[in-house]
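Shown next: model_7.csv, given as CSV, C-alpha atoms and all ligand atoms.
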```
chain,number,residue,atom,x,y,z
A,1355,MET,CA,-45.9,34.2,-27.4
A,1356,ARG,CA,-47.6,37.6,-27.7
A,1357,ILE,CA,-45.6,40.6,-29.0
A,1358,LEU,CA,-46.8,44.2,-28.7
A,1359,VAL,CA,-45.7,46.1,-31.8
A,1360,ILE,CA,-45.6,49.9,-31.6
A,1361,SER,CA,-44.0,52.8,-33.5
A,1362,ASP,CA,-43.8,56.6,-33.4
A,1363,ILE,CA,-44.7,57.2,-29.8
A,1364,HIS,CA,-43.3,60.7,-30.0
A,1365,SER,CA,-43.1,61.4,-26.2
A,1366,ASN,CA,-46.9,60.9,-25.8
A,1367,LEU,CA,-47.1,59.0,-22.5
A,1368,ALA,CA,-50.9,59.1,-22.3
A,1369,ALA,CA,-51.1,57.3,-25.6
A,1370,LEU,CA,-48.4,54.8,-24.7
A,1371,ASP,CA,-50.0,53.9,-21.4
A,1372,ALA,CA,-53.4,53.5,-23.1
A,1373,VAL,CA,-51.9,51.1,-25.6
A,1374,ILE,CA,-50.0,49.1,-23.0
A,1375,LYS,CA,-53.2,48.8,-20.9
A,1376,ASP,CA,-55.4,47.9,-23.9
A,1377,ALA,CA,-53.0,45.3,-25.3
A,1378,GLY,CA,-53.4,42.9,-22.3
A,1379,ALA,CA,-50.6,40.4,-21.5
A,1380,PHE,CA,-47.6,40.3,-23.8
A,1381,GLU,CA,-44.0,38.9,-23.4
A,1382,GLN,CA,-42.1,41.5,-25.4
A,1383,ILE,CA,-42.4,45.0,-27.0
A,1384,TRP,CA,-41.0,45.6,-30.5
A,1385,CYS,CA,-40.8,49.4,-31.0
A,1386,LEU,CA,-40.0,50.5,-34.5
A,1387,GLY,CA,-38.5,53.9,-33.5
A,1388,ASP,CA,-39.3,57.6,-32.8
A,1389,VAL,CA,-39.8,57.2,-29.1
A,1390,VAL,CA,-39.3,60.9,-28.7
A,1391,GLY,CA,-39.8,64.2,-30.6
A,1392,TYR,CA,-43.0,66.3,-31.0
A,1393,GLY,CA,-44.5,65.4,-27.6
A,1394,PRO,CA,-44.2,66.5,-24.0
A,1395,GLU,CA,-42.9,63.5,-22.0
A,1396,PRO,CA,-39.7,62.1,-23.5
A,1397,ASN,CA,-38.1,60.9,-20.3
A,1398,GLU,CA,-41.3,59.3,-19.1
A,1399,CYS,CA,-41.9,57.4,-22.3
A,1400,ILE,CA,-38.3,56.0,-22.3
A,1401,SER,CA,-38.7,54.9,-18.7
A,1402,ARG,CA,-42.0,53.3,-19.4
A,1403,LEU,CA,-40.6,51.3,-22.4
A,1404,ARG,CA,-37.6,50.2,-20.4
A,1405,GLU,CA,-39.8,48.5,-17.8
A,1406,TYR,CA,-40.5,45.9,-20.4
A,1407,ASN,CA,-38.7,43.2,-22.3
A,1408,LEU,CA,-37.9,45.4,-25.2
A,1409,ILE,CA,-36.4,45.5,-28.7
A,1410,CYS,CA,-36.3,49.1,-29.9
A,1411,LEU,CA,-35.0,50.7,-33.0
A,1412,ALA,CA,-33.9,54.3,-33.5
A,1413,GLY,CA,-36.1,56.6,-35.6
A,1414,ASN,CA,-35.1,59.9,-37.3
A,1415,HIS,CA,-36.3,62.0,-34.3
A,1416,ASP,CA,-34.4,59.8,-31.8
A,1417,LEU,CA,-31.2,60.2,-33.9
A,1418,ALA,CA,-31.8,63.9,-34.1
A,1419,VAL,CA,-32.3,64.3,-30.4
A,1420,ALA,CA,-29.2,62.2,-29.8
A,1421,GLY,CA,-27.2,64.4,-32.1
A,1422,LYS,CA,-26.6,61.6,-34.6
A,1423,THR,CA,-28.2,63.2,-37.7
A,1424,ALA,CA,-28.5,66.7,-39.1
A,1425,LEU,CA,-31.7,68.7,-38.6
A,1426,TRP,CA,-32.3,70.2,-42.1
A,1427,ASP,CA,-34.7,67.5,-43.2
A,1428,PHE,CA,-37.0,68.3,-40.3
A,1429,THR,CA,-39.8,70.9,-40.4
A,1430,PRO,CA,-39.3,74.1,-38.2
A,1431,ASP,CA,-41.9,72.8,-35.8
A,1432,ALA,CA,-40.1,69.4,-35.5
A,1433,GLN,CA,-36.8,71.1,-35.1
A,1434,GLU,CA,-38.2,73.2,-32.2
A,1435,ALA,CA,-39.5,70.1,-30.5
A,1436,ILE,CA,-36.1,68.4,-31.0
A,1437,PHE,CA,-34.3,71.2,-29.3
A,1438,TRP,CA,-36.8,71.3,-26.5
A,1439,THR,CA,-36.4,67.5,-26.1
A,1440,ARG,CA,-32.6,67.7,-26.0
A,1441,HIS,CA,-32.8,70.3,-23.3
A,1442,ARG,CA,-35.2,68.3,-21.2
A,1443,LEU,CA,-33.8,64.8,-21.6
A,1444,ALA,CA,-31.9,63.2,-18.7
A,1445,SER,CA,-28.3,62.3,-19.7
A,1446,PHE,CA,-28.9,58.6,-19.2
A,1447,ASN,CA,-31.9,58.7,-21.5
A,1448,HIS,CA,-29.7,60.7,-24.0
A,1449,ASP,CA,-27.2,57.8,-23.8
A,1450,TRP,CA,-30.0,55.3,-24.3
A,1451,LEU,CA,-31.3,57.0,-27.4
A,1452,LYS,CA,-27.8,57.1,-28.8
A,1453,SER,CA,-27.3,53.4,-28.3
A,1454,LEU,CA,-30.4,52.4,-30.3
A,1455,PRO,CA,-29.7,50.5,-33.5
A,1456,ASP,CA,-30.3,52.4,-36.7
A,1457,THR,CA,-30.3,49.5,-39.1
A,1458,PRO,CA,-33.0,46.7,-39.6
A,1459,LEU,CA,-33.1,43.9,-37.1
A,1460,VAL,CA,-34.6,40.4,-37.3
A,1461,ALA,CA,-36.6,39.0,-34.4
A,1462,ALA,CA,-38.4,35.6,-34.5
A,1463,GLY,CA,-38.0,35.5,-38.2
A,1464,ILE,CA,-39.6,38.9,-38.8
A,1465,THR,CA,-37.7,42.0,-39.9
A,1466,LEU,CA,-38.1,45.3,-38.0
A,1467,VAL,CA,-37.2,48.7,-39.5
A,1468,HIS,CA,-38.1,52.3,-38.9
A,1469,GLY,CA,-38.3,53.6,-42.5
A,1470,SER,CA,-37.5,51.2,-45.2
A,1471,LEU,CA,-34.9,48.5,-46.1
A,1472,ARG,CA,-33.3,50.9,-48.7
A,1473,ASP,CA,-33.1,53.7,-46.2
A,1474,PRO,CA,-33.8,52.5,-42.7
A,1475,ILE,CA,-34.2,56.0,-41.2
A,1476,TRP,CA,-35.7,58.3,-43.8
A,1477,GLU,CA,-37.6,56.5,-46.6
A,1478,TYR,CA,-41.4,56.5,-46.3
A,1479,ILE,CA,-43.2,53.4,-47.6
A,1480,THR,CA,-46.4,55.1,-48.7
A,1481,GLU,CA,-46.9,53.7,-52.2
A,1482,LYS,CA,-46.7,50.4,-54.1
A,1483,SER,CA,-43.7,51.5,-56.2
A,1484,VAL,CA,-41.6,52.2,-53.1
A,1485,ALA,CA,-42.8,49.0,-51.5
A,1486,ARG,CA,-41.9,47.0,-54.6
A,1487,ASN,CA,-38.4,48.2,-54.6
A,1488,ASN,CA,-38.0,47.5,-51.0
A,1489,LEU,CA,-39.6,44.0,-51.3
A,1490,GLU,CA,-36.6,43.1,-53.5
A,1491,LEU,CA,-34.4,43.6,-50.4
A,1492,ILE,CA,-36.5,41.6,-47.9
A,1493,THR,CA,-34.9,38.5,-46.4
A,1494,THR,CA,-37.8,37.4,-44.2
A,1495,PRO,CA,-41.5,37.0,-45.3
A,1496,VAL,CA,-42.7,39.8,-43.1
A,1497,CYS,CA,-41.1,43.2,-42.4
A,1498,LEU,CA,-42.7,45.6,-39.9
A,1499,ASN,CA,-42.0,49.3,-40.5
A,1500,GLY,CA,-43.1,52.6,-39.1
A,1501,HIS,CA,-42.2,56.3,-39.9
A,1502,THR,CA,-45.3,57.2,-42.0
A,1503,HIS,CA,-47.7,57.3,-38.9
A,1504,SER,CA,-50.3,55.5,-41.1
A,1505,PRO,CA,-51.3,51.8,-40.8
A,1506,ALA,CA,-50.7,50.0,-44.0
A,1507,ILE,CA,-50.0,46.6,-45.7
A,1508,PHE,CA,-48.1,46.1,-48.9
A,1509,ARG,CA,-48.1,42.5,-50.0
A,1510,LYS,CA,-46.6,40.5,-52.9
A,1511,PRO,CA,-48.4,37.2,-52.9
A,1512,TRP,CA,-46.2,34.2,-53.5
A,1513,ASP,CA,-48.0,33.3,-56.8
A,1514,GLY,CA,-48.5,36.9,-58.0
A,1515,MET,CA,-46.4,39.4,-59.9
A,1516,TYR,CA,-47.8,42.6,-58.4
A,1517,VAL,CA,-47.6,44.3,-55.1
A,1518,LEU,CA,-51.0,44.9,-53.5
A,1519,GLU,CA,-51.9,47.7,-51.1
A,1520,GLU,CA,-54.4,46.4,-48.5
A,1521,SER,CA,-56.0,48.1,-45.5
A,1522,LEU,CA,-55.1,46.9,-42.1
A,1523,PRO,CA,-58.4,45.7,-40.5
A,1524,VAL,CA,-59.0,46.7,-36.9
A,1525,ASN,CA,-59.5,44.1,-34.2
A,1526,SER,CA,-59.5,41.3,-36.8
A,1527,PRO,CA,-56.4,39.0,-36.9
A,1528,ILE,CA,-54.6,38.6,-40.2
A,1529,ARG,CA,-52.5,35.6,-40.9
A,1530,LEU,CA,-48.9,36.1,-41.6
A,1531,ILE,CA,-48.5,33.9,-44.7
A,1532,PRO,CA,-44.9,32.5,-44.8
A,1533,HIS,CA,-44.7,32.4,-48.6
A,1534,ASP,CA,-45.9,36.0,-49.3
A,1535,LEU,CA,-43.6,39.0,-48.9
A,1536,THR,CA,-45.2,41.7,-46.8
A,1537,PHE,CA,-44.6,45.1,-45.3
A,1538,ILE,CA,-46.9,45.9,-42.4
A,1539,ASN,CA,-47.0,49.3,-40.7
A,1540,PRO,CA,-48.9,49.3,-37.3
A,1541,GLY,CA,-49.4,53.1,-37.4
A,1542,SER,CA,-48.4,55.6,-34.8
A,1543,VAL,CA,-49.0,55.5,-31.0
A,1544,GLY,CA,-48.5,59.1,-30.3
A,1545,GLN,CA,-49.2,61.1,-33.4
A,1546,PRO,CA,-51.5,59.3,-35.9
A,1547,ARG,CA,-51.7,60.9,-39.4
A,1548,ASP,CA,-54.5,59.0,-41.1
A,1549,GLU,CA,-57.2,61.3,-39.9
A,1550,ASP,CA,-58.0,59.0,-37.0
A,1551,PRO,CA,-56.7,60.5,-33.7
A,1552,ARG,CA,-56.8,57.2,-31.8
A,1553,ALA,CA,-53.5,55.6,-30.9
A,1554,ALA,CA,-52.5,52.7,-33.2
A,1555,TYR,CA,-50.7,49.5,-32.5
A,1556,ALA,CA,-50.6,45.8,-33.3
A,1557,VAL,CA,-50.2,42.5,-31.4
A,1558,ILE,CA,-48.4,39.5,-33.0
A,1559,ASP,CA,-49.2,36.0,-31.8
A,1560,LEU,CA,-46.1,34.1,-32.8
A,1561,ASP,CA,-47.8,30.7,-32.1
A,1562,ALA,CA,-50.8,31.4,-34.3
A,1563,MET,CA,-48.7,33.5,-36.7
A,1564,THR,CA,-51.3,36.3,-36.7
A,1565,LEU,CA,-51.1,40.1,-36.4
A,1566,THR,CA,-54.0,42.1,-35.0
A,1567,HIS,CA,-54.2,45.8,-35.5
A,1568,HIS,CA,-55.9,48.0,-32.8
A,1569,ARG,CA,-57.0,51.6,-32.4
A,1570,ILE,CA,-57.6,53.0,-28.9
A,1571,LEU,CA,-58.9,56.3,-27.6
A,1572,TYR,CA,-56.6,58.0,-25.1
A,1573,ASP,CA,-56.8,61.3,-23.3
A,1574,VAL,CA,-55.6,63.6,-26.2
A,1575,SER,CA,-56.4,66.7,-24.1
A,1576,ALA,CA,-54.1,65.6,-21.3
A,1577,THR,CA,-51.2,65.4,-23.8
A,1578,GLN,CA,-52.2,68.8,-25.4
A,1579,LYS,CA,-52.3,70.4,-22.0
A,1580,LEU,CA,-48.7,69.3,-21.2
A,1581,MET,CA,-47.6,70.5,-24.7
A,1582,LYS,CA,-49.1,73.9,-24.0
A,1583,GLN,CA,-47.4,74.2,-20.7
A,1584,ALA,CA,-44.1,73.2,-22.4
A,1585,LYS,CA,-44.7,75.9,-25.1
A,1586,LEU,CA,-44.3,73.4,-27.9
A,1587,PRO,CA,-45.5,74.6,-31.3
A,1588,ASN,CA,-49.3,75.1,-31.7
A,1589,ARG,CA,-49.5,73.2,-34.9
A,1590,LEU,CA,-48.1,70.1,-33.2
A,1591,ILE,CA,-50.6,70.5,-30.4
A,1592,ARG,CA,-53.6,70.9,-32.7
A,1593,ARG,CA,-52.8,68.0,-35.0
A,1594,LEU,CA,-53.3,65.4,-32.3
A,1595,ARG,CA,-57.0,66.2,-32.1
A,1596,PHE,CA,-57.5,65.5,-35.8
A,1597,GLY,CA,-55.0,62.7,-36.4
A,1598,GLN,CA,-53.2,64.7,-39.1
A,1601,ZN,ZN,-42.3,59.5,-36.4
```
Translate this structure into structure tokens?
Ligand code: ZN
Amino acid sequence: MRILVISDIHSNLAALDAVIKDAGAFEQIWCLGDVVGYGPEPNECISRLREYNLICLAGNHDLAVAGKTALWDFTPDAQEAIFWTRHRLASFNHDWLKSLPDTPLVAAGITLVHGSLRDPIWEYITEKSVARNNLELITTPVCLNGHTHSPAIFRKPWDGMYVLEESLPVNSPIRLIPHDLTFINPGSVGQPRDEDPRAAYAVIDLDAMTLTHHRILYDVSATQKLMKQAKLPNRLIRRLRFGQ
């Protein structure tokens, strides 16, 4: 069974469609949250996801648009995009966002979370000390997380004392080792921040127990054009070009 693993789409339909096309056949999508926010096509992204067999978590932007979290932790640009999204969102999509789970889920023996296990919505797993504290809470060998918009692996080998930070190879399957404890972040579909503007995603093969990370070019200028038309903040438009 092949699973498409995505996170942080942020209303970028051009990026989402490029990922779905590039991934080939899959049986299910696991989306780690932040379907909306920042980008120009929130309704279209939600509709696209719902065409598939889908497990989807809430991210901080989804909760903000749905009115389930306060806005003061967001940057002014992010807040502006949240207000714009609220205004634009169809009521049934608002209801759908509101219904998304905001706590970790386990699917096929793998934990899914937006931020971290300590703080499923807000904490960023960006360094080994944070990963180490969260690995103490893990109940499955592998946890997939999003939120940082940067692909990453933090692994505690079964016979080791220390947490290792490894880079996620592109187009090269890694084995999901059942005795190690591992956080894997597939990166962001719609707003990468690792200085690579290409959309990021992963495919898990549950039979082979492998995960393969991919980067794919998409039409950045098409998304930027829609953002300009929508009068979304310039900084949000520019950053897509640089992956920042
Ligand atoms: Zn995000």
Polymer residues at most 8 Å from Arg1440 of chain A, only C-alpha atoms, same-chain spacing of 6 or more positions, as a PyMOL selection string | chain A and resi 1419-1420+1448
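Here atom CA of Thr1566 of chain A is placed at a distance of 8.9 Å from atom CA of Arg1529 of chain A.
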Using atom CA of Thr1564 of chain A and atom CA of His1364 of chain A as the two end points, give the distance in Å to one decimal.
-> 26.5 Å
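Atom pair atom CA of Ala1462 of chain A / atom CA of Gly1391 of chain A: separated by 28.9 Å.
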Counting all atoms listed in the file, the residue of A:Ser1470, A:Thr1423, A:Gln1545, A:Asn1366 that sits nearest ligand ZN 1601 (chain A) |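 Under the stated criterion, the closest residue is A:Gln1545.
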